[in-house]
Amino acid sequence: AQRVTQPEKLLSVFKGAPVELKCNYSYSGSPELFWYVQYSRQRLQLLLRHISRESIKGFTADLNKGETSFHLKKPFAQEEDSAMYYCALSGRGSTDKLIFGTGTRLQVFP
Amino acid sequence: EAQVTQNPRYLITVTGKKLTVTCSQNMNHEYMSWYRQDPGLGLRQIYYSMNVEVTDKGDVPEGYKVSRKEKRNFPLILESPSPNQTSLYFCASSLRQYQPQHFGDGTRLSIL
């Protein structure tokens, strides 16, 4: 069964500190992993996906199949990074669909 | 502009009064989905649709209905709303079910 676990409900850091939002998954096939972000009072939007291997707004995420993780990282947090972050998982099977973790709220203090 | 449009954005109503939240997308996406977002519970899927006339239950379908008569529209129907359906609802669409989803702005429902 597909499952996404985000162990932290809240992560608080000071501006300039490194950030790591954890995401672990369970999936028997070849997964596709995503990070979505929701800024205050805004819609969810795609932040990045593992197959793109790109950096968006300074965030990166590496898929670690051995540890079944897809942690989101940023070396220096900014106040505008404060938001709700959701990790999501999908496969390419005909019955697979995108499922979300419960989310982690990132608070960046000045 | 490619977008997912939900209406209404806010609604306060009373228990038992049927309501419909509309969702429309202009990207010719096959897959559409409804989620509810509650504090501490994240996003939970209510119903989804792989294509026209194909709908299926998500994780929390009780008390909701959907229909997909046209590709662009996917309304969420609450036949007899109850206070535990007070929540923030999001509609989303994607080209295929496993691809990144585009979300609407959300509908905040309060059932008194």
# chains A, B, ... in the order shown; residues from 1 in each chain; ligands from 1

call {"tool": "closest_atom_pairs", "arguments": {"of": "chain A", "to": "chain B", "cutoff": "6 Å", "atoms": "only C-alpha atoms", "output": "CSV"}}
result
residue,atom,partner,partner_atom,distance
A:Arg43,CA,B:Asp105,CA,4.8
A:Leu44,CA,B:Phe103,CA,6.0
A:Ser90,CA,B:Tyr98,CA,5.4
A:Lys97,CA,B:Tyr98,CA,4.9
A:Leu98,CA,B:Tyr98,CA,5.4
A:Thr102,CA,B:Gly42,CA,4.1
A:Gly103,CA,B:Gly42,CA,5.6

call {"tool": "write_last_selection", "arguments": {"atoms": "N, CA, C and O atoms", "output": "mmCIF file, in the first residue's frame"}}
result
data_model
loop_
_atom_site.group_PDB
_atom_site.id
_atom_site.type_symbol
_atom_site.label_atom_id
_atom_site.label_comp_id
_atom_site.auth_asym_id
_atom_site.auth_seq_id
_atom_site.Cartn_x
_atom_site.Cartn_y
_atom_site.Cartn_z
ATOM 1 N N ARG A 43 -3.634 28.738 -2.358
ATOM 2 C CA ARG A 43 -3.822 27.378 -2.817
ATOM 3 C C ARG A 43 -2.528 26.580 -2.705
ATOM 4 O O ARG A 43 -1.444 27.152 -2.654
ATOM 5 N N LEU A 44 -2.675 25.282 -2.679
ATOM 6 C CA LEU A 44 -1.488 24.429 -2.748
ATOM 7 C C LEU A 44 -0.862 24.565 -4.129
ATOM 8 O O LEU A 44 -1.562 24.661 -5.134
ATOM 9 N N SER A 90 3.287 9.103 -5.704
ATOM 10 C CA SER A 90 2.486 8.410 -6.694
ATOM 11 C C SER A 90 3.327 7.335 -7.350
ATOM 12 O O SER A 90 4.540 7.288 -7.182
ATOM 13 N N LYS A 97 -2.637 6.576 -7.442
ATOM 14 C CA LYS A 97 -3.014 7.973 -7.458
ATOM 15 C C LYS A 97 -2.124 8.720 -6.498
ATOM 16 O O LYS A 97 -1.397 8.125 -5.715
ATOM 17 N N LEU A 98 -2.175 10.007 -6.585
ATOM 18 C CA LEU A 98 -1.330 10.838 -5.743
ATOM 19 C C LEU A 98 -1.892 10.860 -4.334
ATOM 20 O O LEU A 98 -3.067 11.166 -4.147
ATOM 21 N N THR A 102 0.528 14.202 5.955
ATOM 22 C CA THR A 102 -0.307 15.078 6.783
ATOM 23 C C THR A 102 0.230 16.498 6.867
ATOM 24 O O THR A 102 -0.422 17.371 7.423
ATOM 25 N N GLY A 103 1.409 16.724 6.319
ATOM 26 C CA GLY A 103 1.918 18.084 6.246
ATOM 27 C C GLY A 103 2.783 18.491 7.423
ATOM 28 O O GLY A 103 2.629 17.987 8.543
#

call {"tool": "atom_distance", "arguments": {"atom1": "CA of Val21 (chain B)", "atom2": "CA of Pro75 (chain B)"}}
result
5.7 Å

call {"tool": "select_by_dssp", "arguments": {"residues": "chain A", "states": "strand (DSSP E)", "output": "ChimeraX atom specification"}}
result
/A:3-5,10-14,19-21,24-26,32-38,45-49,60-61,72-74,83-90,99-100,104-109

call {"tool": "atom_distance", "arguments": {"atom1": "CA of Thr5 (chain B)", "atom2": "CA of Met27 (chain B)"}}
result
11.3 Å

call {"tool": "closest_residue", "arguments": {"among": "A:Gln45, A:Asn64, A:Ser40, A:Gln2", "to": "Gln3 (chain B)", "atoms": "only C-alpha atoms"}}
result
A:Gln45

call {"tool": "atom_distance", "arguments": {"atom1": "CA of Lys57 (chain B)", "atom2": "CA of Asn26 (chain B)"}}
result
23.6 Å

call {"tool": "residues_around", "arguments": {"residues": "Lys74 (chain A)", "least_positions_apart": "2", "cutoff": "10 Å", "atoms": "only C-alpha atoms", "output": "NGL selection string"}}
result
:A and (16-21 or 55-61 or 72 or 76-78 or 81)

call {"tool": "write_last_selection", "arguments": {"atoms": "N, CA and C atoms", "output": "compact mmCIF listing (two decimals), in the first residue's frame"}}
result
# COMPACT_ATOMS: atom_id res chain seq x y z
N GLY A 16 17.94 32.16 8.38
CA GLY A 16 19.33 31.85 8.13
C GLY A 16 19.76 30.46 8.57
N ALA A 17 18.91 29.79 9.32
CA ALA A 17 19.23 28.44 9.78
C ALA A 17 18.90 27.43 8.69
N PRO A 18 19.57 26.28 8.70
CA PRO A 18 19.21 25.23 7.73
C PRO A 18 17.88 24.59 8.09
N VAL A 19 17.20 24.12 7.05
CA VAL A 19 15.90 23.50 7.24
C VAL A 19 15.89 22.13 6.59
N GLU A 20 15.29 21.17 7.30
CA GLU A 20 15.07 19.85 6.70
C GLU A 20 13.68 19.37 7.11
N LEU A 21 12.81 19.22 6.16
CA LEU A 21 11.47 18.69 6.42
C LEU A 21 11.48 17.24 5.98
N SER A 55 16.21 22.82 -8.24
CA SER A 55 16.12 23.57 -6.99
C SER A 55 15.12 24.70 -7.21
N ILE A 56 14.11 24.76 -6.36
CA ILE A 56 13.11 25.81 -6.45
C ILE A 56 13.15 26.63 -5.17
N LYS A 57 13.30 27.93 -5.31
CA LYS A 57 13.34 28.83 -4.15
C LYS A 57 14.41 28.38 -3.15
N GLY A 58 15.46 27.76 -3.64
CA GLY A 58 16.54 27.32 -2.77
C GLY A 58 16.33 25.97 -2.12
N PHE A 59 15.16 25.36 -2.36
CA PHE A 59 14.86 24.05 -1.80
C PHE A 59 15.33 22.94 -2.74
N THR A 60 15.81 21.86 -2.15
CA THR A 60 16.14 20.66 -2.91
C THR A 60 15.60 19.45 -2.15
N ALA A 61 15.42 18.37 -2.88
CA ALA A 61 14.99 17.12 -2.24
C ALA A 61 15.57 15.98 -3.04
N LEU A 72 13.02 17.33 2.33
CA LEU A 72 13.13 18.65 1.70
C LEU A 72 14.13 19.49 2.49
N PHE A 76 19.58 27.86 4.01
CA PHE A 76 19.38 29.09 4.78
C PHE A 76 17.91 29.51 4.67
N ALA A 77 17.17 29.31 5.72
CA ALA A 77 15.74 29.60 5.69
C ALA A 77 15.47 31.11 5.66
N GLN A 78 14.41 31.48 4.95
CA GLN A 78 13.95 32.86 4.88
C GLN A 78 12.55 32.96 5.50
N ASP A 81 9.61 31.67 3.65
CA ASP A 81 9.45 30.22 3.51
C ASP A 81 8.40 29.67 4.47

call {"tool": "residues_around", "arguments": {"residues": "Val52 (chain B)", "least_positions_apart": "5", "cutoff": "8 Å", "atoms": "only C-alpha atoms", "output": "PyMOL selection string"}}
result
chain B and resi 30+68-71

call {"tool": "write_last_selection", "arguments": {"atoms": "C-alpha atoms", "output": "compact mmCIF listing (two decimals), in the first residue's frame"}}
result
# COMPACT_ATOMS: atom_id res chain seq x y z
CA GLU B 30 -8.64 13.72 -17.24
CA ARG B 68 -18.51 13.91 -13.79
CA LYS B 69 -20.81 14.48 -16.71
CA GLU B 70 -18.32 16.69 -18.54
CA LYS B 71 -14.56 16.61 -18.54

call {"tool": "residues_around", "arguments": {"residues": "region 12-14 of chain B", "least_positions_apart": "4", "cutoff": "9 Å", "atoms": "only C-alpha atoms", "output": "PDB file with all heavy atoms, in the first residue's frame"}}
result
ATOM      1  N   LEU B  19     -26.224  21.390  -0.423  1.00  0.00           N
ATOM      2  CA  LEU B  19     -25.386  22.382  -1.090  1.00  0.00           C
ATOM      3  C   LEU B  19     -24.472  21.709  -2.106  1.00  0.00           C
ATOM      4  O   LEU B  19     -24.164  20.514  -1.997  1.00  0.00           O
ATOM      5  CB  LEU B  19     -24.574  23.179  -0.070  1.00  0.00           C
ATOM      6  CG  LEU B  19     -23.496  22.473   0.724  1.00  0.00           C
ATOM      7  CD1 LEU B  19     -22.151  22.555   0.005  1.00  0.00           C
ATOM      8  CD2 LEU B  19     -23.359  23.084   2.123  1.00  0.00           C
ATOM      9  N   PRO B  81     -25.852  18.256   4.792  1.00  0.00           N
ATOM     10  CA  PRO B  81     -24.619  18.623   5.513  1.00  0.00           C
ATOM     11  C   PRO B  81     -24.773  18.540   7.025  1.00  0.00           C
ATOM     12  O   PRO B  81     -25.853  18.819   7.573  1.00  0.00           O
ATOM     13  CB  PRO B  81     -24.379  20.071   5.072  1.00  0.00           C
ATOM     14  CG  PRO B  81     -25.155  20.230   3.811  1.00  0.00           C
ATOM     15  CD  PRO B  81     -26.345  19.329   3.935  1.00  0.00           C
ATOM     16  N   SER B  82     -23.672  18.181   7.659  1.00  0.00           N
ATOM     17  CA  SER B  82     -23.655  18.132   9.122  1.00  0.00           C
ATOM     18  C   SER B  82     -22.434  18.919   9.620  1.00  0.00           C
ATOM     19  O   SER B  82     -21.493  19.160   8.853  1.00  0.00           O
ATOM     20  CB  SER B  82     -23.577  16.680   9.610  1.00  0.00           C
ATOM     21  OG  SER B  82     -22.388  16.073   9.145  1.00  0.00           O
ATOM     22  N   PRO B  83     -22.437  19.320  10.878  1.00  0.00           N
ATOM     23  CA  PRO B  83     -21.332  20.149  11.398  1.00  0.00           C
ATOM     24  C   PRO B  83     -19.952  19.524  11.220  1.00  0.00           C
ATOM     25  O   PRO B  83     -18.967  20.260  11.075  1.00  0.00           O
ATOM     26  CB  PRO B  83     -21.694  20.305  12.881  1.00  0.00           C
ATOM     27  CG  PRO B  83     -23.185  20.247  12.898  1.00  0.00           C
ATOM     28  CD  PRO B  83     -23.547  19.213  11.869  1.00  0.00           C
ATOM     29  N   ARG B 108     -14.225  27.395   1.840  1.00  0.00           N
ATOM     30  CA  ARG B 108     -14.364  27.218   3.287  1.00  0.00           C
ATOM     31  C   ARG B 108     -15.841  27.073   3.612  1.00  0.00           C
ATOM     32  O   ARG B 108     -16.617  28.013   3.417  1.00  0.00           O
ATOM     33  CB  ARG B 108     -13.748  28.394   4.042  1.00  0.00           C
ATOM     34  CG  ARG B 108     -13.701  28.146   5.542  1.00  0.00           C
ATOM     35  CD  ARG B 108     -12.834  29.169   6.255  1.00  0.00           C
ATOM     36  NE  ARG B 108     -11.416  29.037   5.960  1.00  0.00           N
ATOM     37  CZ  ARG B 108     -10.597  28.143   6.505  1.00  0.00           C
ATOM     38  NH1 ARG B 108     -11.070  27.260   7.363  1.00  0.00           N
ATOM     39  NH2 ARG B 108      -9.327  28.132   6.195  1.00  0.00           N
ATOM     40  N   LEU B 109     -16.211  25.894   4.085  1.00  0.00           N
ATOM     41  CA  LEU B 109     -17.602  25.599   4.436  1.00  0.00           C
ATOM     42  C   LEU B 109     -17.776  25.572   5.945  1.00  0.00           C
ATOM     43  O   LEU B 109     -16.980  24.933   6.647  1.00  0.00           O
ATOM     44  CB  LEU B 109     -18.016  24.225   3.901  1.00  0.00           C
ATOM     45  CG  LEU B 109     -18.304  24.062   2.416  1.00  0.00           C
ATOM     46  CD1 LEU B 109     -18.765  22.639   2.146  1.00  0.00           C
ATOM     47  CD2 LEU B 109     -19.357  25.050   1.956  1.00  0.00           C
ATOM     48  N   SER B 110     -18.791  26.250   6.419  1.00  0.00           N
ATOM     49  CA  SER B 110     -19.155  26.180   7.834  1.00  0.00           C
ATOM     50  C   SER B 110     -20.588  25.698   7.913  1.00  0.00           C
ATOM     51  O   SER B 110     -21.496  26.335   7.369  1.00  0.00           O
ATOM     52  CB  SER B 110     -19.035  27.548   8.493  1.00  0.00           C
ATOM     53  OG  SER B 110     -17.687  27.949   8.556  1.00  0.00           O
ATOM     54  N   ILE B 111     -20.789  24.568   8.594  1.00  0.00           N
ATOM     55  CA  ILE B 111     -22.114  23.985   8.740  1.00  0.00           C
ATOM     56  C   ILE B 111     -22.553  24.170  10.195  1.00  0.00           C
ATOM     57  O   ILE B 111     -21.950  23.610  11.108  1.00  0.00           O
ATOM     58  CB  ILE B 111     -22.115  22.482   8.381  1.00  0.00           C
ATOM     59  CG1 ILE B 111     -21.315  22.194   7.109  1.00  0.00           C
ATOM     60  CG2 ILE B 111     -23.552  21.967   8.286  1.00  0.00           C
ATOM     61  CD1 ILE B 111     -21.902  22.780   5.864  1.00  0.00           C
ATOM     62  N   LEU B 112     -23.591  24.944  10.409  1.00  0.00           N
ATOM     63  CA  LEU B 112     -24.018  25.253  11.775  1.00  0.00           C
ATOM     64  C   LEU B 112     -25.114  24.297  12.252  1.00  0.00           C
ATOM     65  O   LEU B 112     -25.848  23.715  11.465  1.00  0.00           O
ATOM     66  CB  LEU B 112     -24.518  26.692  11.833  1.00  0.00           C
ATOM     67  CG  LEU B 112     -23.512  27.752  11.351  1.00  0.00           C
ATOM     68  CD1 LEU B 112     -24.143  29.123  11.381  1.00  0.00           C
ATOM     69  CD2 LEU B 112     -22.246  27.706  12.180  1.00  0.00           C
TER      70      LEU B 112
END

call {"tool": "closest_residue", "arguments": {"among": "B:Tyr10, B:Phe74, B:Tyr47, B:Tyr64", "to": "Trp34 (chain B)", "atoms": "only C-alpha atoms"}}
result
B:Tyr47

call {"tool": "residues_around", "arguments": {"residues": "Leu11 (chain A)", "least_positions_apart": "6", "cutoff": "8 Å", "atoms": "only C-alpha atoms", "output": "VMD selection string"}}
result
chain A and resid 21 104 to 107

call {"tool": "residues_around", "arguments": {"residues": "Gln25 (chain B)", "least_positions_apart": "4", "cutoff": "8 Å", "atoms": "only C-alpha atoms", "output": "PyMOL selection string"}}
result
chain B and resi 2-5+29+72-73+93
